[in-house]
$ cat coords-v4.txt   # compact mmCIF, C-alpha atoms
# COMPACT_ATOMS: atom_id res chain seq x y z
CA MET C 1 -12.21 16.80 25.82
CA ALA C 2 -11.11 19.07 22.99
CA ARG C 3 -10.36 17.38 19.69
CA LYS C 4 -6.74 17.34 18.72
CA GLY C 5 -5.49 15.46 15.69
CA ARG C 6 -2.77 13.02 16.61
CA SER C 7 0.05 12.04 14.31
CA LEU C 8 0.76 8.49 13.29
CA GLU C 9 3.76 8.54 15.62
CA GLU C 10 1.87 9.88 18.65
CA LYS C 11 -0.94 7.33 18.72
CA PRO C 12 1.22 4.20 19.06
CA ALA C 13 3.47 5.99 21.56
CA ILE C 14 0.46 6.69 23.78
CA VAL C 15 -0.81 3.12 23.41
CA LEU C 16 2.63 1.67 24.18
CA GLU C 17 2.81 3.85 27.28
CA GLY C 18 -0.31 2.04 28.47
CA PHE C 19 1.20 -1.37 27.67
CA GLN C 20 4.23 -0.59 29.83
CA GLY C 21 2.00 -0.53 32.89
CA ASN C 22 3.93 2.20 34.71
CA SER C 23 0.88 4.47 34.83
CA ALA C 24 -2.86 4.02 34.97
CA VAL C 25 -4.67 4.42 31.64
CA ALA C 26 -6.66 7.30 33.11
CA ASP C 27 -3.42 9.13 33.96
CA ILE C 28 -1.97 8.47 30.51
CA CYS C 29 -5.13 9.75 28.86
CA ARG C 30 -5.27 12.83 31.05
CA GLY C 31 -1.58 13.59 30.48
CA ASN C 32 -1.98 13.32 26.71
CA GLY C 33 -5.39 14.97 26.43
CA VAL C 34 -7.06 11.82 25.10
CA SER C 35 -10.35 10.33 26.23
CA ARG C 36 -10.28 6.80 27.57
CA PRO C 37 -12.68 5.48 24.88
CA GLN C 38 -10.35 6.95 22.24
CA TYR C 39 -7.34 5.35 23.89
CA TYR C 40 -9.05 1.94 23.89
CA LYS C 41 -10.02 2.33 20.20
CA TRP C 42 -6.39 3.06 19.35
CA ARG C 43 -5.22 0.15 21.51
CA ASP C 44 -7.62 -2.27 19.82
CA LYS C 45 -6.55 -1.09 16.33
CA PHE C 46 -2.91 -1.37 17.37
CA ILE C 47 -3.39 -4.95 18.55
CA GLU C 48 -5.37 -5.89 15.43
CA GLY C 49 -2.69 -4.38 13.21
CA GLY C 50 -0.05 -6.39 15.00
CA LYS C 51 -2.03 -9.60 14.59
CA SER C 52 -2.62 -9.04 10.90
CA SER C 53 1.03 -8.19 10.26
CA LEU C 54 2.05 -11.49 11.85
CA ASP C 55 -0.52 -13.48 9.87
CA THR C 56 1.32 -15.16 7.00
CA SER C 57 -1.85 -16.65 5.56
CA GLY C 58 -5.03 -14.95 4.53
CA LYS C 59 -5.28 -11.25 3.82
CA ASN C 60 -1.60 -10.34 4.05
CA GLY C 61 -0.62 -13.17 1.74
CA ASP C 62 -3.41 -12.12 -0.60
CA ALA C 63 -2.20 -8.53 -0.58
CA ARG C 64 1.31 -9.62 -1.54
CA LEU C 65 -0.04 -11.82 -4.31
CA LYS C 66 -2.30 -9.06 -5.63
CA SER C 67 0.65 -6.69 -5.64
CA LYS C 68 2.73 -9.21 -7.60
CA ILE C 69 -0.14 -9.76 -10.06
CA ASN C 70 -0.45 -6.01 -10.61
CA GLU C 71 3.30 -5.74 -11.19
CA LEU C 72 3.23 -8.58 -13.72
CA GLU C 73 0.17 -7.16 -15.48
CA ARG C 74 1.96 -3.83 -15.91
CA ALA C 75 5.03 -5.60 -17.29
CA LEU C 76 2.85 -7.60 -19.68
CA GLY C 77 1.17 -4.40 -20.82
CA ARG C 78 4.54 -2.78 -21.55
CA VAL C 79 5.73 -5.80 -23.54
CA THR C 80 2.44 -5.94 -25.46
CA MET C 81 2.83 -2.28 -26.41
CA LYS C 82 6.39 -2.89 -27.61
CA VAL C 83 5.22 -5.82 -29.76
CA GLU C 84 2.47 -3.69 -31.32
CA ILE C 85 4.94 -0.88 -32.04
CA LEU C 86 7.35 -3.34 -33.66
CA LYS C 87 4.54 -4.79 -35.81
CA LYS C 88 3.54 -1.33 -37.00
CA THR C 89 7.17 -0.39 -37.65
CA ARG C 90 7.65 -3.57 -39.66
CA LYS C 91 4.50 -2.88 -41.72
CA CYS C 92 5.68 0.67 -42.40
CA ARG C 93 9.09 -0.58 -43.50
CA ALA C 94 7.51 -3.25 -45.70
CA GLY C 95 5.21 -0.65 -47.20
CA SER C 96 8.03 1.78 -47.93
CA GLU C 97 10.16 -1.02 -49.43
CA THR C 98 7.24 -1.96 -51.71
CA LEU C 99 6.86 1.68 -52.76
CA GLN C 100 10.55 1.91 -53.51
CA ARG C 101 10.40 -1.24 -55.64
CA LEU C 102 7.35 0.00 -57.51
CA SER C 103 8.77 3.47 -58.11
CA GLY C 104 12.32 2.33 -58.90

$ encode --input "coords-v4.txt" --output "structure tokens"
Amino acid sequence: MARKGRSLEEKPAIVLEGFQGNSAVADICRGNGVSRPQYYKWRDKFIEGGKSSLDTSGKNGDARLKSKINELERALGRVTMKVEILKKTRKCRAGSETLQRLSG
């Protein structure tokens, strides 16, 4: 069968057509220009994706936690930079005040 790239919308639509059971997988594959092994790979990935999206423990929970950690690390980095800028600004002000006192 000739290779044709399928969009992210087309693949699940073809797999869902097979789940409906109105047509044989061979007919669905032939009608969409997809090999049966390819259809079954897509089906298996589709099922696995559904399982993992329903899993509230394990990898999905870890991904959410890692995302939250990254968000908090970025926020901490921004606050740290602000503190450093304020320290430098304060030192500059203190230095200029000292110069003014010495020169005045």

$ residues_around --input "coords-v4.txt" --residues "Ile14 in chain C" --least-positions-apart "3" --cutoff "12 Å" --atoms "all atoms listed in the file" --output "ChimeraX atom specification"
/C:6-11,17-21,23-36,38-43,46

$ atom_distance --input "coords-v4.txt" --atom1 "CA of Gly49 in chain C" --atom2 "CA of Arg64 in chain C"
16.2 Å

$ atom_distance --input "coords-v4.txt" --atom1 "CA of Leu54 in chain C" --atom2 "CA of Pro12 in chain C"
17.3 Å

$ atom_distance --input "coords-v4.txt" --atom1 "CA of Lys45 in chain C" --atom2 "CA of Val15 in chain C"
10.0 Å

$ decode --input "coords-v4.txt" --residues "range 20-37 of chain C" --atoms "C-alpha atoms" --output "JSON list (two decimals), in the first residue's frame"
[["chain", "number", "residue", "atom", "x", "y", "z"],
["C", 20, "GLN", "CA", -18.27, 0.67, 15.95],
["C", 21, "GLY", "CA", -18.36, -2.78, 14.40],
["C", 22, "ASN", "CA", -20.48, -1.79, 11.40],
["C", 23, "SER", "CA", -17.78, -2.88, 8.95],
["C", 24, "ALA", "CA", -15.03, -5.45, 8.88],
["C", 25, "VAL", "CA", -11.55, -4.13, 9.68],
["C", 26, "ALA", "CA", -10.37, -5.26, 6.24],
["C", 27, "ASP", "CA", -13.09, -3.13, 4.60],
["C", 28, "ILE", "CA", -12.26, -0.12, 6.77],
["C", 29, "CYS", "CA", -8.58, -0.44, 5.93],
["C", 30, "ARG", "CA", -9.25, -0.85, 2.23],
["C", 31, "GLY", "CA", -11.65, 2.11, 2.19],
["C", 32, "ASN", "CA", -9.12, 4.34, 3.93],
["C", 33, "GLY", "CA", -6.01, 3.07, 2.17],
["C", 34, "VAL", "CA", -4.46, 1.74, 5.38],
["C", 35, "SER", "CA", -2.82, -1.63, 5.90],
["C", 36, "ARG", "CA", -4.31, -3.87, 8.56],
["C", 37, "PRO", "CA", -1.05, -4.01, 10.58]]
